[in-house]
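Have a look at model-v2.pdb below; it lists PDB, C-alpha atoms.
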ATOM      1  CA  MET A   1     -35.370  24.472 -33.415  1.00  0.00           C
ATOM      2  CA  LYS A   2     -31.682  25.373 -33.422  1.00  0.00           C
ATOM      3  CA  ALA A   3     -30.080  27.611 -30.794  1.00  0.00           C
ATOM      4  CA  THR A   4     -28.335  30.618 -32.231  1.00  0.00           C
ATOM      5  CA  GLY A   5     -26.102  33.447 -31.067  1.00  0.00           C
ATOM      6  CA  ARG A   6     -25.502  33.871 -27.363  1.00  0.00           C
ATOM      7  CA  ARG A   7     -27.572  30.856 -26.409  1.00  0.00           C
ATOM      8  CA  ALA A   8     -25.494  28.508 -28.582  1.00  0.00           C
ATOM      9  CA  GLY A   9     -22.260  29.929 -27.089  1.00  0.00           C
ATOM     10  CA  ARG A  10     -23.506  29.447 -23.545  1.00  0.00           C
ATOM     11  CA  THR A  11     -24.555  25.853 -24.252  1.00  0.00           C
ATOM     12  CA  HIS A  12     -21.152  25.163 -25.801  1.00  0.00           C
ATOM     13  CA  TRP A  13     -19.275  26.513 -22.761  1.00  0.00           C
ATOM     14  CA  CYS A  14     -21.521  24.661 -20.289  1.00  0.00           C
ATOM     15  CA  LEU A  15     -20.794  21.427 -22.134  1.00  0.00           C
ATOM     16  CA  ILE A  16     -17.024  22.070 -22.008  1.00  0.00           C
ATOM     17  CA  VAL A  17     -17.115  22.883 -18.273  1.00  0.00           C
ATOM     18  CA  ALA A  18     -19.189  19.756 -17.546  1.00  0.00           C
ATOM     19  CA  LEU A  19     -16.754  17.543 -19.475  1.00  0.00           C
ATOM     20  CA  LEU A  20     -13.738  19.057 -17.698  1.00  0.00           C
ATOM     21  CA  CYS A  21     -15.325  18.592 -14.271  1.00  0.00           C
ATOM     22  CA  GLY A  22     -16.240  15.008 -15.120  1.00  0.00           C
ATOM     23  CA  GLY A  23     -12.668  14.339 -16.265  1.00  0.00           C
ATOM     24  CA  LEU A  24     -11.245  15.732 -13.017  1.00  0.00           C
ATOM     25  CA  VAL A  25     -13.530  13.515 -10.945  1.00  0.00           C
ATOM     26  CA  VAL A  26     -12.511  10.435 -12.950  1.00  0.00           C
ATOM     27  CA  LEU A  27      -8.795  11.232 -12.580  1.00  0.00           C
ATOM     28  CA  ALA A  28      -8.991  12.186  -8.904  1.00  0.00           C
ATOM     29  CA  GLY A  29     -10.647   8.900  -7.878  1.00  0.00           C
ATOM     30  CA  PRO A  30      -7.696   6.547  -8.509  1.00  0.00           C
ATOM     31  CA  ALA A  31      -5.160   9.109  -7.322  1.00  0.00           C
ATOM     32  CA  ALA A  32      -6.954   9.478  -4.008  1.00  0.00           C
ATOM     33  CA  ALA A  33      -7.038   5.704  -3.563  1.00  0.00           C
ATOM     34  CA  GLN A  34      -3.251   5.502  -3.897  1.00  0.00           C
ATOM     35  CA  GLN A  35      -2.245   7.649  -0.967  1.00  0.00           C
ATOM     36  CA  PRO A  36       1.107   6.709   0.585  1.00  0.00           C
ATOM     37  CA  PHE A  37       0.762   4.295   3.477  1.00  0.00           C
ATOM     38  CA  ALA A  38       3.263   2.913   6.021  1.00  0.00           C
ATOM     39  CA  PHE A  39       2.720  -0.180   8.145  1.00  0.00           C
ATOM     40  CA  ALA A  40       5.024  -1.503  10.883  1.00  0.00           C
ATOM     41  CA  GLY A  41       4.965  -4.966  12.362  1.00  0.00           C
ATOM     42  CA  PHE A  42       6.352  -8.489  12.342  1.00  0.00           C
ATOM     43  CA  VAL A  43       6.573 -10.819   9.349  1.00  0.00           C
ATOM     44  CA  GLN A  44       4.214 -13.764   9.746  1.00  0.00           C
ATOM     45  CA  TRP A  45       5.100 -15.530   6.501  1.00  0.00           C
ATOM     46  CA  ILE A  46       6.384 -14.979   2.958  1.00  0.00           C
ATOM     47  CA  GLN A  47       5.367 -17.028  -0.066  1.00  0.00           C
ATOM     48  CA  GLY A  48       6.373 -16.033  -3.591  1.00  0.00           C
ATOM     49  CA  SER A  49       5.598 -12.331  -4.002  1.00  0.00           C
ATOM     50  CA  THR A  50       3.216 -12.120  -1.031  1.00  0.00           C
ATOM     51  CA  MET A  51       4.015 -11.427   2.603  1.00  0.00           C
ATOM     52  CA  GLN A  52       1.742 -11.377   5.648  1.00  0.00           C
ATOM     53  CA  VAL A  53       2.600  -8.817   8.353  1.00  0.00           C
ATOM     54  CA  MET A  54       1.130  -8.624  11.865  1.00  0.00           C
ATOM     55  CA  GLY A  55       0.976  -4.931  12.687  1.00  0.00           C
ATOM     56  CA  ASP A  56       1.805  -3.278  15.975  1.00  0.00           C
ATOM     57  CA  ASN A  57      -1.904  -2.521  16.270  1.00  0.00           C
ATOM     58  CA  GLY A  58      -2.782  -6.235  16.167  1.00  0.00           C
ATOM     59  CA  TYR A  59      -4.132  -6.276  12.620  1.00  0.00           C
ATOM     60  CA  SER A  60      -2.685  -8.594  10.008  1.00  0.00           C
ATOM     61  CA  ILE A  61      -2.285  -7.347   6.441  1.00  0.00           C
ATOM     62  CA  ARG A  62      -1.333  -9.020   3.183  1.00  0.00           C
ATOM     63  CA  VAL A  63       1.497  -7.288   1.325  1.00  0.00           C
ATOM     64  CA  ASP A  64       2.089  -7.532  -2.439  1.00  0.00           C
ATOM     65  CA  LEU A  65       5.871  -7.541  -3.063  1.00  0.00           C
ATOM     66  CA  GLN A  66       5.897  -7.340  -6.873  1.00  0.00           C
ATOM     67  CA  LEU A  67       7.207  -3.734  -6.951  1.00  0.00           C
ATOM     68  CA  VAL A  68       9.958  -4.390  -4.372  1.00  0.00           C
ATOM     69  CA  GLY A  69      13.356  -5.738  -5.349  1.00  0.00           C
ATOM     70  CA  GLN A  70      13.778  -9.344  -4.260  1.00  0.00           C
ATOM     71  CA  SER A  71      17.016  -8.458  -2.453  1.00  0.00           C
ATOM     72  CA  ASP A  72      14.940  -6.316  -0.070  1.00  0.00           C
ATOM     73  CA  TYR A  73      12.973  -9.274   1.266  1.00  0.00           C
ATOM     74  CA  ASN A  74      14.682 -12.545   0.285  1.00  0.00           C
ATOM     75  CA  THR A  75      16.336 -13.009   3.696  1.00  0.00           C
ATOM     76  CA  LEU A  76      13.294 -12.065   5.785  1.00  0.00           C
ATOM     77  CA  LYS A  77      11.781 -14.780   7.933  1.00  0.00           C
ATOM     78  CA  GLY A  78       8.838 -15.107  10.255  1.00  0.00           C
ATOM     79  CA  GLY A  79       9.171 -12.852  13.282  1.00  0.00           C
ATOM     80  CA  ASP A  80      11.440 -10.257  11.644  1.00  0.00           C
ATOM     81  CA  ARG A  81      10.442  -6.674  12.367  1.00  0.00           C
ATOM     82  CA  VAL A  82       9.721  -4.566   9.258  1.00  0.00           C
ATOM     83  CA  ARG A  83       8.182  -1.315   8.143  1.00  0.00           C
ATOM     84  CA  VAL A  84       6.410  -1.509   4.776  1.00  0.00           C
ATOM     85  CA  PHE A  85       5.859   1.593   2.638  1.00  0.00           C
ATOM     86  CA  GLY A  86       3.405   1.539  -0.245  1.00  0.00           C
ATOM     87  CA  TYR A  87      -0.252   2.126  -1.004  1.00  0.00           C
ATOM     88  CA  VAL A  88      -3.537   0.308  -0.542  1.00  0.00           C
ATOM     89  CA  SER A  89      -4.693  -1.654  -3.583  1.00  0.00           C
ATOM     90  CA  PRO A  90      -7.761  -0.314  -5.430  1.00  0.00           C
ATOM     91  CA  ASP A  91      -9.891  -3.185  -4.095  1.00  0.00           C
ATOM     92  CA  ARG A  92      -8.548  -2.442  -0.574  1.00  0.00           C
ATOM     93  CA  SER A  93      -7.588  -6.085  -0.003  1.00  0.00           C
ATOM     94  CA  GLN A  94      -3.824  -5.643   0.411  1.00  0.00           C
ATOM     95  CA  LEU A  95      -0.928  -3.231   0.703  1.00  0.00           C
ATOM     96  CA  ILE A  96       1.132  -2.865  -2.474  1.00  0.00           C
ATOM     97  CA  ALA A  97       4.674  -2.427  -1.199  1.00  0.00           C
ATOM     98  CA  GLU A  98       7.137  -0.030  -2.796  1.00  0.00           C
ATOM     99  CA  ARG A  99       9.818  -0.283  -0.095  1.00  0.00           C
ATOM    100  CA  ILE A 100      10.574  -2.453   2.930  1.00  0.00           C
ATOM    101  CA  ASP A 101      12.763  -1.271   5.802  1.00  0.00           C
ATOM    102  CA  ARG A 102      14.067  -3.776   8.285  1.00  0.00           C
ATOM    103  CA  SER A 103      13.920  -2.635  11.869  1.00  0.00           C
ATOM    104  CA  ASP A 104      16.782  -3.097  14.303  1.00  0.00           C
ATOM    105  CA  ALA A 105      14.505  -4.915  16.732  1.00  0.00           C
ATOM    106  CA  PRO A 106      15.527  -8.501  17.436  1.00  0.00           C
ATOM    107  CA  ASN A 107      13.696 -11.378  15.844  1.00  0.00           C
ATOM    108  CA  VAL A 108      10.589 -12.087  17.940  1.00  0.00           C
ATOM    109  CA  TYR A 109      11.487 -15.775  18.126  1.00  0.00           C
ATOM    110  CA  ASP A 110      14.937 -14.985  19.546  1.00  0.00           C
ATOM    111  CA  SER A 111      13.484 -13.206  22.563  1.00  0.00           C
ATOM    112  CA  TYR A 112      11.215 -16.186  23.369  1.00  0.00           C
ATOM    113  CA  SER A 113      13.856 -18.860  22.905  1.00  0.00           C
ATOM    114  CA  PRO A 114      13.477 -21.725  25.406  1.00  0.00           C
ATOM    115  CA  TYR A 115      17.279 -21.959  25.483  1.00  0.00           C
ATOM    116  CA  PRO A 116      18.569 -18.736  27.077  1.00  0.00           C
ATOM    117  CA  GLN A 117      22.114 -17.834  26.206  1.00  0.00           C
ATOM    118  CA  SER A 118      24.552 -17.194  28.983  1.00  0.00           C
ATOM    119  CA  PRO A 119      26.241 -13.773  29.025  1.00  0.00           C
TER     120      PRO A 119
END

How does this structure look as structure tokens?
Amino acid sequence: MKATGRRAGRTHWCLIVALLCGGLVVLAGPAAAQQPFAFAGFVQWIQGSTMQVMGDNGYSIRVDLQLVGQSDYNTLKGGDRVRVFGYVSPDRSQLIAERIDRSDAPNVYDSYSPYPQSP
């Protein structure tokens, strides 16, 4: 039995609304997962395009550096203070960096040097 007239029009519009709502949900999922995120702490190590940062809150996070220019991180070393701006990866395993700001804080190793410098 085939729907005719008003009933066919209503079914057609319900199908369009359902498809549009489904499309919005699909598009909103990845966009919500890529909210901007900033993380401040000290560099633990850098290897290739990956950096490990110990945050001020005590948590350590892996940072993907593929979107950052190499000149922004090529002189960083363990203990340097940084602030990393980016977003959390879709699998939530790392921070994908878009920008790295060096802080003016001294290198953590300098302040714990066993050889104090005289003034």

So, counting all atoms listed in the file, which residue among A:Asp72, A:Val88, A:Met54, A:Asp80 is closest to Ile100 of chain A?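 Ranked by minimum distance to Ile100 of chain A, first place goes to A:Asp72.
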
Going by the chain IDs and residue numbers used in this file, which residues fall under the PyMOL selection byres ((chain A and resi 44) around 9)? Write them as a list of chain:residue names. A:Phe42, A:Val43, A:Trp45, A:Ile46, A:Met51, A:Gln52, A:Val53, A:Met54, A:Ser60, A:Lys77, A:Gly78, A:Gly79, A:Asp80

Considering all atoms listed in the file, state which residue in the set A:Gly69, A:Tyr59, A:Leu95, A:Leu76 is at the smallest distance from Gly41 of chain A.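 The closest residue to Gly41 of chain A is A:Tyr59.
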
Using only C-alpha atoms, pick whichever of A:Ser103, A:Val63, A:Gly58, A:Gln47 has the shortest atom-to-atom distance to Arg81 of chain A. A:Ser103

State, in Å with one decimal place, the distance from atom CA of Pro90 of chain A to atom CA of Arg102 of chain A.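 Between these atoms lies a distance of 26.0 Å.
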
What lies within 8 Å of Asp64 of chain A using all atoms listed in the file, ignoring chain neighbours under 5 positions off, as a PyMOL selection string? chain A and resi 49-51+94-97

Atom CA of Glu98 of chain A and atom CA of Asn57 of chain A, how far apart in Å?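 These atoms are spaced 21.2 Å apart.
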
Quick one: pull the distance between atom CA of Ser89 of chain A and atom CA of Gln34 of chain A, Å, one decimal.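 Result for atom CA of Ser89 of chain A versus atom CA of Gln34 of chain A: 7.3 Å, one decimal.
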
Compare A:Gly48, A:Gln70, A:Thr75, A:Arg62 by their minimum atom-to-atom distance to Arg92 of chain A, counting all atoms listed in the file, and give me the closest one. A:Arg62

Starting from the structure just given, write a file holding segment 57-95 of chain A with N, CA and C atoms, as a PDB file, in the first residue's frame.
ATOM      1  N   ASN A  57      50.419  20.451  37.592  1.00  0.00           N
ATOM      2  CA  ASN A  57      49.515  19.683  38.446  1.00  0.00           C
ATOM      3  C   ASN A  57      50.068  18.303  38.796  1.00  0.00           C
ATOM      4  N   GLY A  58      51.275  17.979  38.303  1.00  0.00           N
ATOM      5  CA  GLY A  58      51.897  16.704  38.613  1.00  0.00           C
ATOM      6  C   GLY A  58      51.674  15.619  37.581  1.00  0.00           C
ATOM      7  N   TYR A  59      50.784  15.855  36.626  1.00  0.00           N
ATOM      8  CA  TYR A  59      50.527  14.867  35.588  1.00  0.00           C
ATOM      9  C   TYR A  59      51.502  15.040  34.440  1.00  0.00           C
ATOM     10  N   SER A  60      51.874  13.935  33.834  1.00  0.00           N
ATOM     11  CA  SER A  60      52.767  13.942  32.687  1.00  0.00           C
ATOM     12  C   SER A  60      51.931  13.656  31.446  1.00  0.00           C
ATOM     13  N   ILE A  61      52.204  14.387  30.361  1.00  0.00           N
ATOM     14  CA  ILE A  61      51.421  14.216  29.145  1.00  0.00           C
ATOM     15  C   ILE A  61      52.344  14.168  27.941  1.00  0.00           C
ATOM     16  N   ARG A  62      52.002  13.279  27.007  1.00  0.00           N
ATOM     17  CA  ARG A  62      52.750  13.172  25.760  1.00  0.00           C
ATOM     18  C   ARG A  62      52.216  14.215  24.792  1.00  0.00           C
ATOM     19  N   VAL A  63      53.128  14.885  24.085  1.00  0.00           N
ATOM     20  CA  VAL A  63      52.755  15.960  23.173  1.00  0.00           C
ATOM     21  C   VAL A  63      53.238  15.615  21.770  1.00  0.00           C
ATOM     22  N   ASP A  64      52.331  15.627  20.804  1.00  0.00           N
ATOM     23  CA  ASP A  64      52.662  15.413  19.396  1.00  0.00           C
ATOM     24  C   ASP A  64      53.059  16.759  18.804  1.00  0.00           C
ATOM     25  N   LEU A  65      54.267  16.854  18.233  1.00  0.00           N
ATOM     26  CA  LEU A  65      54.809  18.120  17.735  1.00  0.00           C
ATOM     27  C   LEU A  65      54.733  18.267  16.220  1.00  0.00           C
ATOM     28  N   GLN A  66      54.023  17.403  15.531  1.00  0.00           N
ATOM     29  CA  GLN A  66      54.021  17.412  14.071  1.00  0.00           C
ATOM     30  C   GLN A  66      53.449  18.686  13.464  1.00  0.00           C
ATOM     31  N   LEU A  67      52.550  19.386  14.154  1.00  0.00           N
ATOM     32  CA  LEU A  67      51.950  20.609  13.609  1.00  0.00           C
ATOM     33  C   LEU A  67      52.715  21.874  14.007  1.00  0.00           C
ATOM     34  N   VAL A  68      53.753  21.721  14.824  1.00  0.00           N
ATOM     35  CA  VAL A  68      54.537  22.855  15.317  1.00  0.00           C
ATOM     36  C   VAL A  68      55.812  22.958  14.487  1.00  0.00           C
ATOM     37  N   GLY A  69      56.204  24.171  14.159  1.00  0.00           N
ATOM     38  CA  GLY A  69      57.449  24.367  13.433  1.00  0.00           C
ATOM     39  C   GLY A  69      58.630  23.906  14.270  1.00  0.00           C
ATOM     40  N   GLN A  70      59.589  23.249  13.632  1.00  0.00           N
ATOM     41  CA  GLN A  70      60.721  22.702  14.378  1.00  0.00           C
ATOM     42  C   GLN A  70      61.515  23.791  15.094  1.00  0.00           C
ATOM     43  N   SER A  71      61.518  25.000  14.554  1.00  0.00           N
ATOM     44  CA  SER A  71      62.253  26.094  15.200  1.00  0.00           C
ATOM     45  C   SER A  71      61.635  26.472  16.543  1.00  0.00           C
ATOM     46  N   ASP A  72      60.396  26.081  16.781  1.00  0.00           N
ATOM     47  CA  ASP A  72      59.738  26.385  18.058  1.00  0.00           C
ATOM     48  C   ASP A  72      60.187  25.466  19.189  1.00  0.00           C
ATOM     49  N   TYR A  73      60.755  24.309  18.845  1.00  0.00           N
ATOM     50  CA  TYR A  73      61.122  23.374  19.909  1.00  0.00           C
ATOM     51  C   TYR A  73      62.517  22.767  19.761  1.00  0.00           C
ATOM     52  N   ASN A  74      63.274  23.108  18.724  1.00  0.00           N
ATOM     53  CA  ASN A  74      64.544  22.423  18.505  1.00  0.00           C
ATOM     54  C   ASN A  74      65.616  22.749  19.544  1.00  0.00           C
ATOM     55  N   THR A  75      65.480  23.833  20.283  1.00  0.00           N
ATOM     56  CA  THR A  75      66.469  24.147  21.317  1.00  0.00           C
ATOM     57  C   THR A  75      65.970  23.840  22.728  1.00  0.00           C
ATOM     58  N   LEU A  76      64.780  23.280  22.848  1.00  0.00           N
ATOM     59  CA  LEU A  76      64.273  22.903  24.171  1.00  0.00           C
ATOM     60  C   LEU A  76      65.058  21.722  24.709  1.00  0.00           C
ATOM     61  N   LYS A  77      65.203  21.688  26.016  1.00  0.00           N
ATOM     62  CA  LYS A  77      65.874  20.566  26.671  1.00  0.00           C
ATOM     63  C   LYS A  77      65.115  20.215  27.945  1.00  0.00           C
ATOM     64  N   GLY A  78      65.428  19.102  28.502  1.00  0.00           N
ATOM     65  CA  GLY A  78      64.776  18.665  29.727  1.00  0.00           C
ATOM     66  C   GLY A  78      64.872  19.719  30.815  1.00  0.00           C
ATOM     67  N   GLY A  79      63.761  19.999  31.460  1.00  0.00           N
ATOM     68  CA  GLY A  79      63.712  20.986  32.527  1.00  0.00           C
ATOM     69  C   GLY A  79      63.253  22.362  32.087  1.00  0.00           C
ATOM     70  N   ASP A  80      63.214  22.625  30.780  1.00  0.00           N
ATOM     71  CA  ASP A  80      62.741  23.933  30.304  1.00  0.00           C
ATOM     72  C   ASP A  80      61.251  24.077  30.571  1.00  0.00           C
ATOM     73  N   ARG A  81      60.866  25.259  30.976  1.00  0.00           N
ATOM     74  CA  ARG A  81      59.453  25.555  31.260  1.00  0.00           C
ATOM     75  C   ARG A  81      58.760  25.948  29.960  1.00  0.00           C
ATOM     76  N   VAL A  82      57.594  25.344  29.691  1.00  0.00           N
ATOM     77  CA  VAL A  82      56.841  25.617  28.466  1.00  0.00           C
ATOM     78  C   VAL A  82      55.353  25.676  28.759  1.00  0.00           C
ATOM     79  N   ARG A  83      54.641  26.276  27.838  1.00  0.00           N
ATOM     80  CA  ARG A  83      53.181  26.215  27.811  1.00  0.00           C
ATOM     81  C   ARG A  83      52.816  25.732  26.414  1.00  0.00           C
ATOM     82  N   VAL A  84      52.069  24.629  26.343  1.00  0.00           N
ATOM     83  CA  VAL A  84      51.711  24.006  25.077  1.00  0.00           C
ATOM     84  C   VAL A  84      50.239  24.286  24.798  1.00  0.00           C
ATOM     85  N   PHE A  85      49.952  24.769  23.593  1.00  0.00           N
ATOM     86  CA  PHE A  85      48.582  25.027  23.163  1.00  0.00           C
ATOM     87  C   PHE A  85      48.249  24.052  22.041  1.00  0.00           C
ATOM     88  N   GLY A  86      47.089  23.440  22.114  1.00  0.00           N
ATOM     89  CA  GLY A  86      46.679  22.498  21.084  1.00  0.00           C
ATOM     90  C   GLY A  86      45.330  21.908  21.411  1.00  0.00           C
ATOM     91  N   TYR A  87      45.166  20.629  21.073  1.00  0.00           N
ATOM     92  CA  TYR A  87      43.917  19.933  21.378  1.00  0.00           C
ATOM     93  C   TYR A  87      44.216  18.473  21.667  1.00  0.00           C
ATOM     94  N   VAL A  88      43.319  17.839  22.382  1.00  0.00           N
ATOM     95  CA  VAL A  88      43.474  16.437  22.753  1.00  0.00           C
ATOM     96  C   VAL A  88      43.178  15.575  21.530  1.00  0.00           C
ATOM     97  N   SER A  89      44.010  14.567  21.314  1.00  0.00           N
ATOM     98  CA  SER A  89      43.817  13.673  20.169  1.00  0.00           C
ATOM     99  C   SER A  89      42.488  12.925  20.306  1.00  0.00           C
ATOM    100  N   PRO A  90      41.918  12.482  19.183  1.00  0.00           N
ATOM    101  CA  PRO A  90      40.628  11.774  19.249  1.00  0.00           C
ATOM    102  C   PRO A  90      40.650  10.549  20.160  1.00  0.00           C
ATOM    103  N   ASP A  91      41.791   9.858  20.260  1.00  0.00           N
ATOM    104  CA  ASP A  91      41.847   8.694  21.142  1.00  0.00           C
ATOM    105  C   ASP A  91      42.235   9.078  22.574  1.00  0.00           C
ATOM    106  N   ARG A  92      42.398  10.378  22.824  1.00  0.00           N
ATOM    107  CA  ARG A  92      42.656  10.953  24.142  1.00  0.00           C
ATOM    108  C   ARG A  92      43.974  10.470  24.768  1.00  0.00           C
ATOM    109  N   SER A  93      44.931  10.070  23.924  1.00  0.00           N
ATOM    110  CA  SER A  93      46.189   9.555  24.440  1.00  0.00           C
ATOM    111  C   SER A  93      47.300  10.597  24.486  1.00  0.00           C
ATOM    112  N   GLN A  94      47.097  11.753  23.825  1.00  0.00           N
ATOM    113  CA  GLN A  94      48.146  12.759  23.779  1.00  0.00           C
ATOM    114  C   GLN A  94      47.556  14.127  23.445  1.00  0.00           C
ATOM    115  N   LEU A  95      48.384  15.136  23.609  1.00  0.00           N
ATOM    116  CA  LEU A  95      48.018  16.498  23.235  1.00  0.00           C
ATOM    117  C   LEU A  95      48.662  16.787  21.887  1.00  0.00           C
TER     118      LEU A  95
END
